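**Q** Questions regarding the structure given below will be posed in turn.
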There are 2 protein chains.
Amino acid sequence: MQRTLCSALPHAEPGSTVRLQGWVHRRRELATVTFLVVRDRSGLAQVVLRDGETARLAELPEETTVDVVGVATPNAQAPGGIEVTEPAVTLLTEPAATPPVELWRPTLNAGLSTMLDRAPVTWRHPAQRARWELAAATLRGFRGTLDEAGFTEIQTPKLVASATESGANVFGVDYFGRPAYLAQSPQFYKQQLVGVFERVYEVGPVFRAEPHDTVRHLAEYVSLDVELGFVDDHRDVLAVLRTVLAGMVAAVHEHAAPAVERTGADVPVVPEEFPVIHFRDALALVGAPDDEPDLAPEHERALGAWARAEHGSDFVAVEGYPMVKRPFYTHPWPGDERWSNSFDLLFRGVELVTGGQRLHRHSEYDAAIRARGEDPGTYASYLQSFAHGMPPHGGFAIGLERWTSRLTGAANVREVTLFPRDLNRLTP
Amino acid sequence: MQRTLCSALPHAEPGSTVRLQGWVHRRRELATVTFLVVRDRSGLAQVVLRDGETARLAELPEETTVDVVGVATPNAQAPGGIEVTEPAVTLLTEPAATPPVELWRPTLNAGLSTMLDRAPVTWRHPAQRARWELAAATLRGFRGTLDEAGFTEIQTPKLVASATESGANVFGVDYFGRPAYLAQSPQFYKQQLVGVFERVYEVGPVFRAEPHDTVRHLAEYVSLDVELGFVDDHRDVLAVLRTVLAGMVAAVHEHAAPAVERTGADVPVVPEEFPVIHFRDALALVGAPDDEPDLAPEHERALGAWARAEHGSDFVAVEGYPMVKRPFYTHPWPGDERWSNSFDLLFRGVELVTGGQRLHRHSEYDAAIRARGEDPGTYASYLQSFAHGMPPHGGFAIGLERWTSRLTGAANVREVTLFPRDLNRLTP
């Protein structure tokens, strides 16, 4: 017979026979009755054990998987107003070993390192699992928005012959006896593919051999990359970013409302237009010296507070970052080459997205690479696209885990990463 | 002013001013008039050069990017019945270098190795680009079908501490001075996450250090992975696979009809149910000895022909493959443990998908690993999920490039891979 999801049980015909399948989330033995709380992907349901079955099943360890066939019975005290009575309970596996943490508690009571070591089990907790339901809904909104806007999804190689943007922090791979590297970003590829598709996006892993053990750094994370051609400047890129974030937020509301509730995520309102401030003015606003080349974390926090107070926005874009702090492919600010046509988008006072306009002329690349004291010949594969005609273009990248950590207020990015990889962690 | 895509030009108000942006696809100099054919992501449009501009622009190398503002003018001879006259043409970059291949020809006239070496330029050819438009539409259908069916999208790590399924063919990585490997598949992770989400899917790169230089092997490819819990057996998995393939095909028709036309793709009809034949019967059908442990390519071709002739189907599922040829986590065939609850789906006589039911009891894993002469302790991280209660489950994996190569009839999987990686190729 057809399975009924726990979330659908309240809609079952009273008196009808239903079948639940799931995990024993909790046993509750009261004075006169014993309940089995069953968990599936949709939620929880209450099963009332018959006297004859109580002895056998009341000892069932939590997390054992079961099949329950019984009668849908109204009970005002039951979650959703319906419980399952007269159950025939079949074990789908052996009785489970007792979980390392009590998954039935409303809040998981475990340290981060235990949670990560036992991730395949601890993430079963409904409030934990909900974090990736948010992430999945986010991706749905990201792709859906871009599909509608004429973007083509691409997959670019993660095994590359040389470091993407800088020689530092790359993982080396033994590639059939030759050296290769793991891609730090799809930057070069997505630019080249603007030449093919005009508008592209990619969702995929990127790899950074960051020798830092902080709450923000991961050695492998999921990057949401976008690149588009025929832009006037970085403001066109920022406008696409705004539409994409609005689509991500809408999808979270549409597809992950229960996860928002379970995680207590504070989902932002994406304004019709982002407040934008030039880097130079941002320094002045936060009282930093006007020759600072970057924004310190406290500066970003102050800008976040300013955006909230002055513009009622959780987001603020800082444009015009000094060229000296941006990668060589960055397009300078027309008329003043100290600044660049690039931006950071701050979300609640923390950088969420970096983006901007890139150089598009072959001659500009040649000059920019020589200015760094490098040989354009080493970039020949990348530069062929520019020799053969590229439009003005730009793009951005969003770190998925950074987004979900800001959304859920996680103190550590590892809390929203299924199986984090860092300086010290390569398992599970 | 607003840009008009080439595909929208036929709908422009005659006499109105329009703006095109794109690449110079072709110059055509006739006796009395010179045309500039402009290409953008949507198609081609014809621009009629004014006498005064002919001299300057007629020499413009193909692939130069341009901005054209002119008048939408009806002309029955023009593609779509509208061309652009009295154009003001602005170069967006320097004049481009002449492309390595003639992109304006209906068919690209170049050898595979030239095409791959110059991929960022050669893939601009409309018929080439269309291959990834098919791939992108396929992914949209894959994800959309699974999203609707209650699956959660996951991202699992590509950096792992040990080889996934076998010690062979893995790429080694220097992970902060320790050995690590690139994941050959997300198999172990997707199974563990059935414990968390019940139903999961992932689209991501997998890595195989295959020392073979064939038309089928890639060192890095895109795997479409699915895994679901609470199945009765592999037939439930096969039913999900059928729905997913139907969704992929529907999305190709809905979102990539022009690409189907440009590539000449022969998009299959997915039947309401796949014909299924047991491995043992398949051997008999093709006249192979009954102790053969696998199907040879000619056997698969014969089965494909049989499915077409007998069932009018491009697809046939072979179930019950010998356990000896399947990985250790494969669920045996109830009642006869020579066979397994696994299948291959053949598409037009070639294997497209491998899937099946997995073991779900901890004790079964323990026995299966010991039977291979291995120590279950080395799988401790993977096995913890099974100790803590897992449902009967199964899944499958589709190779994206294999699918698009079969769809387009590509002789070599590299033709449908943006930047292939193999024994000899690591660039561009």
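In the structure tokens, the first chain shown is A, the next is B, and so on; residue numbers restart at 1 for each chain, and ligands run from 1 in the order shown.
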So which residues touch segment 300-311 of chain B within 9 Å, counting only C-alpha atoms, skipping near sequence neighbours fewer than 6 positions away, as a PDB file with N, CA and C atoms, in the first residue's frame?
**A**
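In the end it all went to result_34.pdb:
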ATOM      1  N   PHE B 274      10.036   1.073 -18.748  1.00  0.00           N
ATOM      2  CA  PHE B 274      11.152   0.505 -19.498  1.00  0.00           C
ATOM      3  C   PHE B 274      10.963  -0.997 -19.655  1.00  0.00           C
ATOM      4  N   PRO B 275      11.246  -1.542 -20.839  1.00  0.00           N
ATOM      5  CA  PRO B 275      11.370  -2.999 -20.894  1.00  0.00           C
ATOM      6  C   PRO B 275      12.504  -3.432 -19.962  1.00  0.00           C
ATOM      7  N   ALA B 282      19.139 -12.126 -20.721  1.00  0.00           N
ATOM      8  CA  ALA B 282      19.813 -11.295 -21.725  1.00  0.00           C
ATOM      9  C   ALA B 282      20.940 -12.086 -22.390  1.00  0.00           C
ATOM     10  N   LEU B 285      19.391 -14.463 -24.744  1.00  0.00           N
ATOM     11  CA  LEU B 285      18.824 -13.768 -25.905  1.00  0.00           C
ATOM     12  C   LEU B 285      19.879 -13.449 -26.956  1.00  0.00           C
ATOM     13  N   VAL B 286      21.060 -13.037 -26.493  1.00  0.00           N
ATOM     14  CA  VAL B 286      22.103 -12.640 -27.439  1.00  0.00           C
ATOM     15  C   VAL B 286      23.009 -13.817 -27.788  1.00  0.00           C
ATOM     16  N   LEU B 346      20.379   0.512 -20.747  1.00  0.00           N
ATOM     17  CA  LEU B 346      21.001   0.701 -22.061  1.00  0.00           C
ATOM     18  C   LEU B 346      20.149   1.678 -22.869  1.00  0.00           C
ATOM     19  N   PHE B 347      20.821   2.603 -23.531  1.00  0.00           N
ATOM     20  CA  PHE B 347      20.153   3.574 -24.393  1.00  0.00           C
ATOM     21  C   PHE B 347      20.735   3.386 -25.790  1.00  0.00           C
ATOM     22  N   ARG B 348      19.872   2.963 -26.688  1.00  0.00           N
ATOM     23  CA  ARG B 348      20.317   2.667 -28.052  1.00  0.00           C
ATOM     24  C   ARG B 348      21.530   1.732 -28.070  1.00  0.00           C
ATOM     25  N   GLY B 349      21.464   0.728 -27.216  1.00  0.00           N
ATOM     26  CA  GLY B 349      22.479  -0.311 -27.235  1.00  0.00           C
ATOM     27  C   GLY B 349      23.790   0.021 -26.553  1.00  0.00           C
ATOM     28  N   VAL B 350      23.808   1.114 -25.782  1.00  0.00           N
ATOM     29  CA  VAL B 350      25.011   1.460 -25.022  1.00  0.00           C
ATOM     30  C   VAL B 350      24.593   1.762 -23.592  1.00  0.00           C
ATOM     31  N   GLU B 351      25.411   1.350 -22.625  1.00  0.00           N
ATOM     32  CA  GLU B 351      25.101   1.599 -21.231  1.00  0.00           C
ATOM     33  C   GLU B 351      25.082   3.103 -20.961  1.00  0.00           C
TER      34      GLU B 351
END
**Q** Using only C-alpha atoms, determine which residues of chain B fall within 7 Å of chain A; present them as JSON, numbers by chain.
**A** {"B": [41, 63, 64, 65, 92, 93, 94, 96, 97, 98, 99, 120, 121, 123, 124, 129, 133, 136, 152, 153, 156, 157, 160, 161, 171, 172, 173, 174, 175, 176, 192, 193, 195, 196, 197, 198, 204, 361, 381, 385, 387, 388, 389, 390, 391, 419, 423, 426, 427, 428]}
**Q** So how many Å separate atom CA of Ala72 of chain A and atom CA of Ala8 of chain A, to one decimal?
**A**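 Computed distance, atom CA of Ala72 of chain A to atom CA of Ala8 of chain A, equals 11.0 Å.
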**Q** Find, counting only C-alpha atoms, the residue in A:Leu400, A:Leu36, A:Leu241, A:Ala284 that gets nearest to Phe343 of chain A.
**A**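 Distance minimum relative to Phe343 of chain A lands on A:Leu241.
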**Q** Would you kindly return, as number ranges by chain, each protein, DNA or RNA residue with an atom no farther than 6 Å from any atom of Met248 of chain A, considering only C-alpha atoms and excluding same-chain residues fewer than 5 positions away?
**A** A: 138, 141-142
**Q** Go ahead and save the picked residues with N, CA and C atoms, as a compact mmCIF listing (two decimals), in the first residue's frame.
**A**
# COMPACT_ATOMS: atom_id res chain seq x y z
N THR A 138 17.84 27.86 -2.07
CA THR A 138 18.64 28.97 -2.59
C THR A 138 19.15 28.68 -3.99
N GLY A 141 16.49 28.93 -6.58
CA GLY A 141 16.20 30.33 -6.94
C GLY A 141 17.30 30.94 -7.79
N PHE A 142 18.54 30.61 -7.45
CA PHE A 142 19.69 31.11 -8.21
C PHE A 142 19.58 30.67 -9.67
**Q** DSSP on the backbone: which residues in segment 83-316 of chain B end up as strand (DSSP E or B)? Give the answer as a compact mmCIF listing (two decimals) with N, CA and C atoms, in the first residue's frame.
**A**
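Below is the file states-v4.txt, written as the result:
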# COMPACT_ATOMS: atom_id res chain seq x y z
N GLU B 83 15.71 43.32 -41.60
CA GLU B 83 17.15 43.56 -41.49
C GLU B 83 17.36 44.95 -40.91
N VAL B 84 18.61 45.27 -40.60
CA VAL B 84 18.92 46.57 -40.02
C VAL B 84 19.60 47.42 -41.08
N THR B 85 19.03 48.58 -41.36
CA THR B 85 19.62 49.48 -42.35
C THR B 85 20.10 50.76 -41.66
N GLU B 86 20.83 51.58 -42.41
CA GLU B 86 21.39 52.85 -41.92
C GLU B 86 22.08 52.68 -40.57
N PRO B 87 22.95 51.69 -40.46
CA PRO B 87 23.52 51.38 -39.15
C PRO B 87 24.64 52.33 -38.74
N ALA B 88 24.68 52.64 -37.46
CA ALA B 88 25.87 53.21 -36.85
C ALA B 88 26.55 52.08 -36.09
N VAL B 89 27.73 51.69 -36.56
CA VAL B 89 28.42 50.52 -35.99
C VAL B 89 29.57 50.99 -35.10
N THR B 90 29.56 50.55 -33.85
CA THR B 90 30.64 50.88 -32.91
C THR B 90 31.38 49.61 -32.55
N LEU B 91 32.69 49.65 -32.64
CA LEU B 91 33.48 48.50 -32.21
C LEU B 91 33.55 48.46 -30.68
N THR B 152 16.28 16.41 -2.11
CA THR B 152 17.06 17.56 -1.68
C THR B 152 18.40 17.55 -2.43
N GLU B 153 18.76 18.69 -2.99
CA GLU B 153 20.05 18.79 -3.65
C GLU B 153 21.16 18.86 -2.61
N LEU B 159 37.33 16.25 -2.16
CA LEU B 159 38.58 15.87 -1.50
C LEU B 159 38.23 14.84 -0.43
N VAL B 160 38.79 13.64 -0.58
CA VAL B 160 38.45 12.57 0.35
C VAL B 160 39.71 11.91 0.87
N GLY B 172 45.85 11.39 -6.67
CA GLY B 172 46.34 11.77 -5.36
C GLY B 172 46.53 13.28 -5.26
N VAL B 173 46.25 13.83 -4.09
CA VAL B 173 46.36 15.26 -3.85
C VAL B 173 47.26 15.48 -2.63
N ASP B 174 48.09 16.49 -2.71
CA ASP B 174 48.87 16.88 -1.53
C ASP B 174 47.99 17.79 -0.68
N TYR B 175 47.45 17.25 0.41
CA TYR B 175 46.49 17.98 1.25
C TYR B 175 47.22 18.47 2.50
N ARG B 178 49.52 16.05 3.77
CA ARG B 178 49.01 14.69 3.95
C ARG B 178 48.45 14.18 2.63
N PRO B 179 48.35 12.85 2.45
CA PRO B 179 47.75 12.35 1.21
C PRO B 179 46.22 12.45 1.25
N ALA B 180 45.66 12.86 0.14
CA ALA B 180 44.20 12.85 -0.04
C ALA B 180 43.95 12.42 -1.48
N TYR B 181 42.68 12.26 -1.82
CA TYR B 181 42.32 11.77 -3.14
C TYR B 181 41.13 12.55 -3.68
N LEU B 182 41.00 12.56 -4.99
CA LEU B 182 39.81 13.15 -5.60
C LEU B 182 38.71 12.09 -5.68
N ARG B 199 15.91 11.44 0.35
CA ARG B 199 16.00 11.49 -1.10
C ARG B 199 16.94 12.62 -1.47
N VAL B 200 18.01 12.29 -2.17
CA VAL B 200 19.02 13.30 -2.49
C VAL B 200 19.47 13.19 -3.94
N TYR B 201 19.95 14.31 -4.44
CA TYR B 201 20.62 14.26 -5.74
C TYR B 201 21.78 15.23 -5.74
N GLU B 202 22.73 14.97 -6.60
CA GLU B 202 23.89 15.86 -6.73
C GLU B 202 24.30 15.89 -8.20
N VAL B 203 24.66 17.07 -8.65
CA VAL B 203 25.29 17.24 -9.96
C VAL B 203 26.69 17.77 -9.70
N GLY B 204 27.70 17.02 -10.04
CA GLY B 204 29.04 17.50 -9.74
C GLY B 204 30.10 16.70 -10.46
N PRO B 205 31.34 17.22 -10.39
CA PRO B 205 32.43 16.53 -11.07
C PRO B 205 32.86 15.27 -10.32
N VAL B 206 33.23 14.25 -11.07
CA VAL B 206 33.89 13.08 -10.51
C VAL B 206 35.19 12.87 -11.28
N PHE B 207 36.11 12.18 -10.64
CA PHE B 207 37.47 12.11 -11.16
C PHE B 207 37.92 10.65 -11.26
N GLU B 220 37.82 13.52 -15.94
CA GLU B 220 36.91 14.31 -15.11
C GLU B 220 35.61 14.43 -15.89
N TYR B 221 34.51 14.10 -15.26
CA TYR B 221 33.23 14.27 -15.94
C TYR B 221 32.16 14.66 -14.95
N VAL B 222 30.99 14.99 -15.48
CA VAL B 222 29.90 15.47 -14.62
C VAL B 222 28.94 14.31 -14.36
N SER B 223 28.76 13.99 -13.10
CA SER B 223 27.90 12.88 -12.72
C SER B 223 26.60 13.40 -12.13
N LEU B 224 25.49 12.83 -12.59
CA LEU B 224 24.16 13.16 -12.07
C LEU B 224 23.78 12.01 -11.15
N ASP B 225 23.88 12.25 -9.86
CA ASP B 225 23.70 11.19 -8.88
C ASP B 225 22.38 11.32 -8.13
N VAL B 226 21.73 10.20 -7.94
CA VAL B 226 20.45 10.16 -7.23
C VAL B 226 20.49 9.01 -6.23
N GLU B 227 19.90 9.20 -5.07
CA GLU B 227 19.79 8.11 -4.09
C GLU B 227 18.52 8.34 -3.27
N LEU B 228 17.79 7.26 -3.01
CA LEU B 228 16.54 7.41 -2.26
C LEU B 228 16.29 6.26 -1.32
N GLY B 229 15.65 6.57 -0.22
CA GLY B 229 15.37 5.57 0.81
C GLY B 229 13.95 5.04 0.73
N VAL B 276 12.30 -4.53 -19.24
CA VAL B 276 13.31 -5.03 -18.30
C VAL B 276 13.59 -6.48 -18.63
N ILE B 277 14.87 -6.84 -18.66
CA ILE B 277 15.23 -8.23 -18.90
C ILE B 277 16.28 -8.63 -17.86
N HIS B 278 16.16 -9.84 -17.36
CA HIS B 278 17.15 -10.31 -16.39
C HIS B 278 18.46 -10.60 -17.13
N PHE B 315 15.22 2.36 -24.97
CA PHE B 315 15.80 2.03 -23.67
C PHE B 315 15.48 0.58 -23.33
N VAL B 316 16.41 -0.07 -22.66
CA VAL B 316 16.12 -1.37 -22.05
C VAL B 316 16.95 -1.50 -20.78
**Q** Taking 2 positions as the minimum chain separation for residues in the same chain, which residues sit within 7 Å of Trp339 of chain B when counting only C-alpha atoms? Answer as a list in words.
**A** Gly320, Tyr321, Pro322, Met323, Pro332, Trp333, Asp336 and Glu337 of chain B
